[in-house]
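Source file: protein.cif; contents: mmCIF, C-alpha atoms; chains and numbers go by the auth columns.
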data_model
#
loop_
_atom_site.group_PDB
_atom_site.id
_atom_site.type_symbol
_atom_site.label_atom_id
_atom_site.label_comp_id
_atom_site.label_asym_id
_atom_site.label_seq_id
_atom_site.Cartn_x
_atom_site.Cartn_y
_atom_site.Cartn_z
_atom_site.B_iso_or_equiv
_atom_site.auth_seq_id
_atom_site.auth_asym_id
ATOM 1 C CA MET A 1 22.184 60.392 -25.083 0.00 1 W
ATOM 2 C CA ASP A 2 25.294 58.322 -25.734 0.00 2 W
ATOM 3 C CA GLU A 3 26.650 58.561 -22.236 0.00 3 W
ATOM 4 C CA VAL A 4 29.159 56.036 -21.013 0.00 4 W
ATOM 5 C CA MET A 5 28.864 54.945 -17.417 0.00 5 W
ATOM 6 C CA THR A 6 32.020 53.780 -15.695 0.00 6 W
ATOM 7 C CA VAL A 7 32.278 51.534 -12.674 0.00 7 W
ATOM 8 C CA ALA A 8 33.284 54.526 -10.559 0.00 8 W
ATOM 9 C CA ASP A 9 30.212 56.446 -11.775 0.00 9 W
ATOM 10 C CA ALA A 10 27.961 53.555 -10.834 0.00 10 W
ATOM 11 C CA GLY A 11 29.238 53.655 -7.281 0.00 11 W
ATOM 12 C CA GLY A 12 31.175 50.424 -7.747 0.00 12 W
ATOM 13 C CA GLY A 13 34.932 50.642 -7.652 0.00 13 W
ATOM 14 C CA ASN A 14 36.352 48.783 -4.712 0.00 14 W
ATOM 15 C CA ARG A 15 33.451 49.694 -2.455 0.00 15 W
ATOM 16 C CA ALA A 16 31.725 46.355 -3.036 0.00 16 W
ATOM 17 C CA LEU A 17 34.764 44.495 -1.793 0.00 17 W
ATOM 18 C CA TYR A 18 35.990 46.814 0.928 0.00 18 W
ATOM 19 C CA GLY A 19 32.791 48.167 2.327 0.00 19 W
ATOM 20 C CA SER A 20 30.087 50.645 1.508 0.00 20 W
ATOM 21 C CA SER A 21 27.131 52.166 3.230 0.00 21 W
ATOM 22 C CA HIS A 22 24.774 49.436 1.994 0.00 22 W
ATOM 23 C CA PRO A 23 25.134 46.168 3.980 0.00 23 W
ATOM 24 C CA SER A 24 24.341 43.848 1.052 0.00 24 W
ATOM 25 C CA GLN A 25 27.342 45.247 -0.857 0.00 25 W
ATOM 26 C CA ASN A 26 29.832 44.411 1.911 0.00 26 W
ATOM 27 C CA LEU A 27 31.258 41.141 0.702 0.00 27 W
ATOM 28 C CA LEU A 28 34.507 40.757 2.617 0.00 28 W
ATOM 29 C CA PRO A 29 34.681 42.885 5.762 0.00 29 W
ATOM 30 C CA HIS A 30 31.275 42.048 7.147 0.00 30 W
ATOM 31 C CA ASN A 31 30.700 38.484 6.005 0.00 31 W
ATOM 32 C CA LEU A 32 31.318 36.794 9.323 0.00 32 W
ATOM 33 C CA PRO A 33 30.262 33.299 8.193 0.00 33 W
ATOM 34 C CA ILE A 34 32.860 33.234 5.394 0.00 34 W
ATOM 35 C CA PHE A 35 35.633 34.495 7.658 0.00 35 W
ATOM 36 C CA SER A 36 34.677 32.074 10.414 0.00 36 W
ATOM 37 C CA ALA A 37 34.575 29.111 8.042 0.00 37 W
ATOM 38 C CA PHE A 38 37.942 29.846 6.431 0.00 38 W
ATOM 39 C CA LEU A 39 39.609 30.643 9.747 0.00 39 W
ATOM 40 C CA ALA A 40 38.337 27.350 11.195 0.00 40 W
ATOM 41 C CA LEU A 41 39.626 25.522 8.122 0.00 41 W
ATOM 42 C CA ALA A 42 43.064 27.136 8.395 0.00 42 W
ATOM 43 C CA LEU A 43 43.317 26.485 12.139 0.00 43 W
ATOM 44 C CA ALA A 44 42.277 22.846 11.791 0.00 44 W
ATOM 45 C CA GLN A 45 44.804 22.241 9.032 0.00 45 W
ATOM 46 C CA PHE A 46 47.527 23.982 11.064 0.00 46 W
ATOM 47 C CA LEU A 47 46.704 21.953 14.191 0.00 47 W
ATOM 48 C CA LYS A 48 47.153 18.708 12.246 0.00 48 W
ATOM 49 C CA ILE A 49 50.907 19.330 12.276 0.00 49 W
ATOM 50 C CA PHE A 50 50.954 19.132 16.067 0.00 50 W
ATOM 51 C CA CYS A 51 48.366 16.386 16.465 0.00 51 W
ATOM 52 C CA ARG A 52 50.376 13.911 14.447 0.00 52 W
ATOM 53 C CA TYR A 53 53.909 13.889 15.734 0.00 53 W
ATOM 54 C CA LYS A 54 55.768 10.926 14.332 0.00 54 W
ATOM 55 C CA GLU A 55 59.360 9.789 14.317 0.00 55 W
ATOM 56 C CA LYS A 56 60.333 12.739 16.531 0.00 56 W
ATOM 57 C CA ARG A 57 59.789 15.278 13.752 0.00 57 W
ATOM 58 C CA TRP A 58 56.903 17.457 12.681 0.00 58 W
ATOM 59 C CA ASP A 59 55.072 16.307 9.586 0.00 59 W
ATOM 60 C CA SER A 60 54.259 19.572 7.795 0.00 60 W
ATOM 61 C CA LYS A 61 52.698 17.679 4.855 0.00 61 W
ATOM 62 C CA ARG A 62 49.724 17.012 7.128 0.00 62 W
ATOM 63 C CA MET A 63 48.774 20.663 6.863 0.00 63 W
ATOM 64 C CA LEU A 64 47.695 20.196 3.248 0.00 64 W
ATOM 65 C CA SER A 65 46.187 16.724 3.442 0.00 65 W
ATOM 66 C CA SER A 66 42.787 15.361 4.327 0.00 66 W
ATOM 67 C CA GLY A 67 42.012 13.114 7.255 0.00 67 W
ATOM 68 C CA GLY A 68 43.441 13.242 10.735 0.00 68 W
ATOM 69 C CA MET A 69 42.824 15.239 13.895 0.00 69 W
ATOM 70 C CA PRO A 70 40.935 17.568 13.926 0.00 70 W
ATOM 71 C CA SER A 71 38.589 17.302 10.966 0.00 71 W
ATOM 72 C CA SER A 72 38.965 20.511 8.963 0.00 72 W
ATOM 73 C CA HIS A 73 35.796 19.692 7.034 0.00 73 W
ATOM 74 C CA SER A 74 33.832 19.528 10.283 0.00 74 W
ATOM 75 C CA ALA A 75 35.462 22.690 11.606 0.00 75 W
ATOM 76 C CA THR A 76 34.631 24.573 8.399 0.00 76 W
ATOM 77 C CA VAL A 77 30.973 23.617 8.086 0.00 77 W
ATOM 78 C CA THR A 78 30.312 23.951 11.810 0.00 78 W
ATOM 79 C CA ALA A 79 31.837 27.436 11.904 0.00 79 W
ATOM 80 C CA LEU A 80 29.775 28.357 8.850 0.00 80 W
ATOM 81 C CA ALA A 81 26.508 27.022 10.287 0.00 81 W
ATOM 82 C CA LEU A 82 26.980 28.552 13.730 0.00 82 W
ATOM 83 C CA SER A 83 28.008 31.925 12.274 0.00 83 W
ATOM 84 C CA VAL A 84 24.933 31.989 10.061 0.00 84 W
ATOM 85 C CA GLY A 85 22.780 31.002 13.028 0.00 85 W
ATOM 86 C CA LEU A 86 24.278 33.692 15.252 0.00 86 W
ATOM 87 C CA GLU A 87 23.874 36.365 12.579 0.00 87 W
ATOM 88 C CA GLU A 88 20.494 35.488 11.110 0.00 88 W
ATOM 89 C CA GLY A 89 18.840 33.452 13.848 0.00 89 W
ATOM 90 C CA ALA A 90 17.930 29.807 14.162 0.00 90 W
ATOM 91 C CA GLY A 91 14.739 30.285 12.142 0.00 91 W
ATOM 92 C CA ALA A 92 16.485 31.621 9.048 0.00 92 W
ATOM 93 C CA PRO A 93 16.435 29.474 5.905 0.00 93 W
ATOM 94 C CA ALA A 94 20.175 30.097 5.436 0.00 94 W
ATOM 95 C CA PHE A 95 20.830 28.561 8.854 0.00 95 W
ATOM 96 C CA ALA A 96 18.764 25.498 7.960 0.00 96 W
ATOM 97 C CA ILE A 97 20.752 25.031 4.752 0.00 97 W
ATOM 98 C CA ALA A 98 24.089 25.471 6.542 0.00 98 W
ATOM 99 C CA LEU A 99 23.072 23.084 9.326 0.00 99 W
ATOM 100 C CA VAL A 100 21.978 20.339 6.920 0.00 100 W
ATOM 101 C CA LEU A 101 25.189 20.827 4.926 0.00 101 W
ATOM 102 C CA ALA A 102 27.214 20.483 8.136 0.00 102 W
ATOM 103 C CA PHE A 103 25.527 17.207 9.069 0.00 103 W
ATOM 104 C CA VAL A 104 25.976 15.763 5.571 0.00 104 W
ATOM 105 C CA VAL A 105 29.674 16.700 5.470 0.00 105 W
ATOM 106 C CA MET A 106 30.363 15.337 8.957 0.00 106 W
ATOM 107 C CA PHE A 107 28.470 12.117 8.259 0.00 107 W
ATOM 108 C CA ASP A 108 30.404 11.662 5.021 0.00 108 W
ATOM 109 C CA ALA A 109 33.744 12.349 6.729 0.00 109 W
ATOM 110 C CA SER A 110 33.194 9.740 9.417 0.00 110 W
ATOM 111 C CA GLY A 111 31.386 7.248 7.216 0.00 111 W
ATOM 112 C CA VAL A 112 32.087 6.971 3.517 0.00 112 W
ATOM 113 C CA ARG A 113 35.519 8.615 3.487 0.00 113 W
ATOM 114 C CA LEU A 114 36.713 6.749 6.592 0.00 114 W
ATOM 115 C CA HIS A 115 35.738 3.409 5.070 0.00 115 W
ATOM 116 C CA ALA A 116 37.281 4.324 1.699 0.00 116 W
ATOM 117 C CA GLY A 117 40.554 4.949 3.534 0.00 117 W
ATOM 118 C CA ARG A 118 40.339 1.594 5.277 0.00 118 W
ATOM 119 C CA GLN A 119 39.720 -0.124 1.941 0.00 119 W
ATOM 120 C CA ALA A 120 42.733 1.678 0.467 0.00 120 W
ATOM 121 C CA GLU A 121 44.841 0.374 3.351 0.00 121 W
ATOM 122 C CA LEU A 122 43.760 -3.209 2.645 0.00 122 W
ATOM 123 C CA LEU A 123 44.336 -2.842 -1.096 0.00 123 W
ATOM 124 C CA ASN A 124 47.810 -1.453 -0.464 0.00 124 W
ATOM 125 C CA GLN A 125 48.612 -4.469 1.727 0.00 125 W
ATOM 126 C CA ILE A 126 47.415 -6.849 -0.983 0.00 126 W
ATOM 127 C CA VAL A 127 49.520 -5.103 -3.647 0.00 127 W
ATOM 128 C CA CYS A 128 52.604 -5.267 -1.388 0.00 128 W
ATOM 129 C CA GLU A 129 52.275 -9.051 -1.287 0.00 129 W
ATOM 130 C CA PHE A 130 52.375 -9.398 -5.082 0.00 130 W
ATOM 131 C CA PRO A 131 55.555 -10.875 -6.519 0.00 131 W
ATOM 132 C CA PRO A 132 57.881 -8.317 -8.182 0.00 132 W
ATOM 133 C CA GLU A 133 57.035 -9.584 -11.687 0.00 133 W
ATOM 134 C CA HIS A 134 53.300 -8.922 -11.203 0.00 134 W
ATOM 135 C CA PRO A 135 52.101 -5.965 -13.338 0.00 135 W
ATOM 136 C CA LEU A 136 50.465 -4.266 -10.325 0.00 136 W
ATOM 137 C CA SER A 137 53.453 -4.620 -7.985 0.00 137 W
ATOM 138 C CA THR A 138 54.792 -1.187 -9.005 0.00 138 W
ATOM 139 C CA VAL A 139 51.483 0.665 -8.744 0.00 139 W
ATOM 140 C CA LYS A 140 51.618 3.817 -6.618 0.00 140 W
ATOM 141 C CA PRO A 141 49.958 3.140 -3.224 0.00 141 W
ATOM 142 C CA LEU A 142 46.502 4.560 -2.601 0.00 142 W
ATOM 143 C CA ARG A 143 46.041 7.329 -0.048 0.00 143 W
ATOM 144 C CA GLU A 144 44.870 5.737 3.158 0.00 144 W
ATOM 145 C CA LEU A 145 44.113 8.732 5.344 0.00 145 W
ATOM 146 C CA LEU A 146 40.924 10.049 3.761 0.00 146 W
ATOM 147 C CA GLY A 147 38.251 10.177 6.426 0.00 147 W
ATOM 148 C CA HIS A 148 37.911 10.779 10.127 0.00 148 W
ATOM 149 C CA THR A 149 37.047 8.854 13.228 0.00 149 W
ATOM 150 C CA PRO A 150 34.021 10.149 15.135 0.00 150 W
ATOM 151 C CA ILE A 151 36.351 11.740 17.725 0.00 151 W
ATOM 152 C CA GLN A 152 38.187 13.665 14.972 0.00 152 W
ATOM 153 C CA VAL A 153 34.848 14.865 13.592 0.00 153 W
ATOM 154 C CA VAL A 154 33.676 16.016 17.037 0.00 154 W
ATOM 155 C CA ALA A 155 37.008 17.774 17.662 0.00 155 W
ATOM 156 C CA GLY A 156 36.643 19.612 14.353 0.00 156 W
ATOM 157 C CA ALA A 157 33.062 20.570 15.190 0.00 157 W
ATOM 158 C CA ILE A 158 34.122 21.929 18.585 0.00 158 W
ATOM 159 C CA LEU A 159 36.906 23.940 16.942 0.00 159 W
ATOM 160 C CA GLY A 160 34.406 25.331 14.437 0.00 160 W
ATOM 161 C CA CYS A 161 32.016 26.359 17.227 0.00 161 W
ATOM 162 C CA VAL A 162 34.801 28.056 19.179 0.00 162 W
ATOM 163 C CA VAL A 163 36.007 29.964 16.106 0.00 163 W
ATOM 164 C CA ALA A 164 32.486 31.089 15.159 0.00 164 W
ATOM 165 C CA TYR A 165 31.702 32.206 18.696 0.00 165 W
ATOM 166 C CA LEU A 166 34.996 34.083 19.091 0.00 166 W
ATOM 167 C CA MET A 167 34.641 35.737 15.676 0.00 167 W
ATOM 168 C CA ARG A 168 31.114 36.832 16.613 0.00 168 W
ATOM 169 C CA SER A 169 32.177 38.202 19.995 0.00 169 W
ATOM 170 C CA THR A 170 35.067 40.203 18.506 0.00 170 W
ATOM 171 C CA SER A 171 33.085 41.787 15.687 0.00 171 W
#

Can you present the structure in this file as structure tokens?
Amino acid sequence: MDEVMTVADAGGGNRALYGSSHPSQNLLPHNLPIFSAFLALALAQFLKIFCRYKEKRWDSKRMLSSGGMPSSHSATVTALALSVGLEEGAGAPAFAIALVLAFVVMFDASGVRLHAGRQAELLNQIVCEFPPEHPLSTVKPLRELLGHTPIQVVAGAILGCVVAYLMRSTS
């Protein structure tokens, strides 16, 4: 009556993470949308190093920052949405959610965040013109590269589509 059930007895163990016979328990190896999204994110961030070559040296800091070409946000949500659509079909509720999320993120990247970056640029210029004795003259500058131009958003979306399609065709 006082039996103790262990994770191994329950059929758990590492099977939920590394695969089992039941598809809903396969979190990592068979979740194509997650892999596609994170691969698109990593590729977009990596490509930023090469898309912004300045002063004849590579700027590796770009790999961990937001803004720039291509949009990693767009690549991520597009890869996620297309992977869900390819796996579950265009009529699936999960695809509708992923698609709406993708549009909201891409609109935000090229709208609100782009304009916030432009405002930061103007504020930084104003602060630079303050005399040295002004209390705000030593304030750390605001980050200016926050959002994306529409071309950067489209480039990220194309990258996301390519990643999702290639991941689907290789699985």

Original post:
Using the chain letters and numbers from the file, which residues does the PyMOL selection byres ((chain W and resi 157) around 10) grab, as number ranges by chain?
Top reply: W: 40, 70-79, 102, 106, 151-156, 158-163

**OP:** Could you tell me which residues the PyMOL selection byres ((chain W and resi 83-98) around 7) grabs in this file, written as number ranges by chain?
**Re:** W: 32-33, 36, 79-82, 99-102, 164

Original post:
Quick one: of W:Lys140, W:Pro150, W:Val112, W:Leu43, who's nearest to W:Cys128, counting only C-alpha atoms?
Top reply: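 Checking each of W:Lys140, W:Pro150, W:Val112, W:Leu43 against W:Cys128, counting only C-alpha atoms, the winner is W:Lys140.
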
Original post:
Which protein, DNA or RNA residues have an atom at most 8 Å from (37.6, 4.7, 13.7), counting all atoms listed in the file? List them as a ChimeraX atom specification.
Top reply: /W:110,114,148-150

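Note that the spacing between atom CA of W:Leu39 and atom CA of W:Arg168 amounts to 12.6 Å.
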
Original post:
Do you have the atom CA of W:Asn124-atom CA of W:Pro141 distance handy?
Top reply: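 So the two atoms, atom CA of W:Asn124 and atom CA of W:Pro141, lie 5.8 Å apart.
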
Subject >> Atom-to-atom span, atom CA of W:Thr138 and atom CA of W:Gln125, Å >> reply: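 Going from atom CA of W:Thr138 over to atom CA of W:Gln125 covers 12.8 Å.
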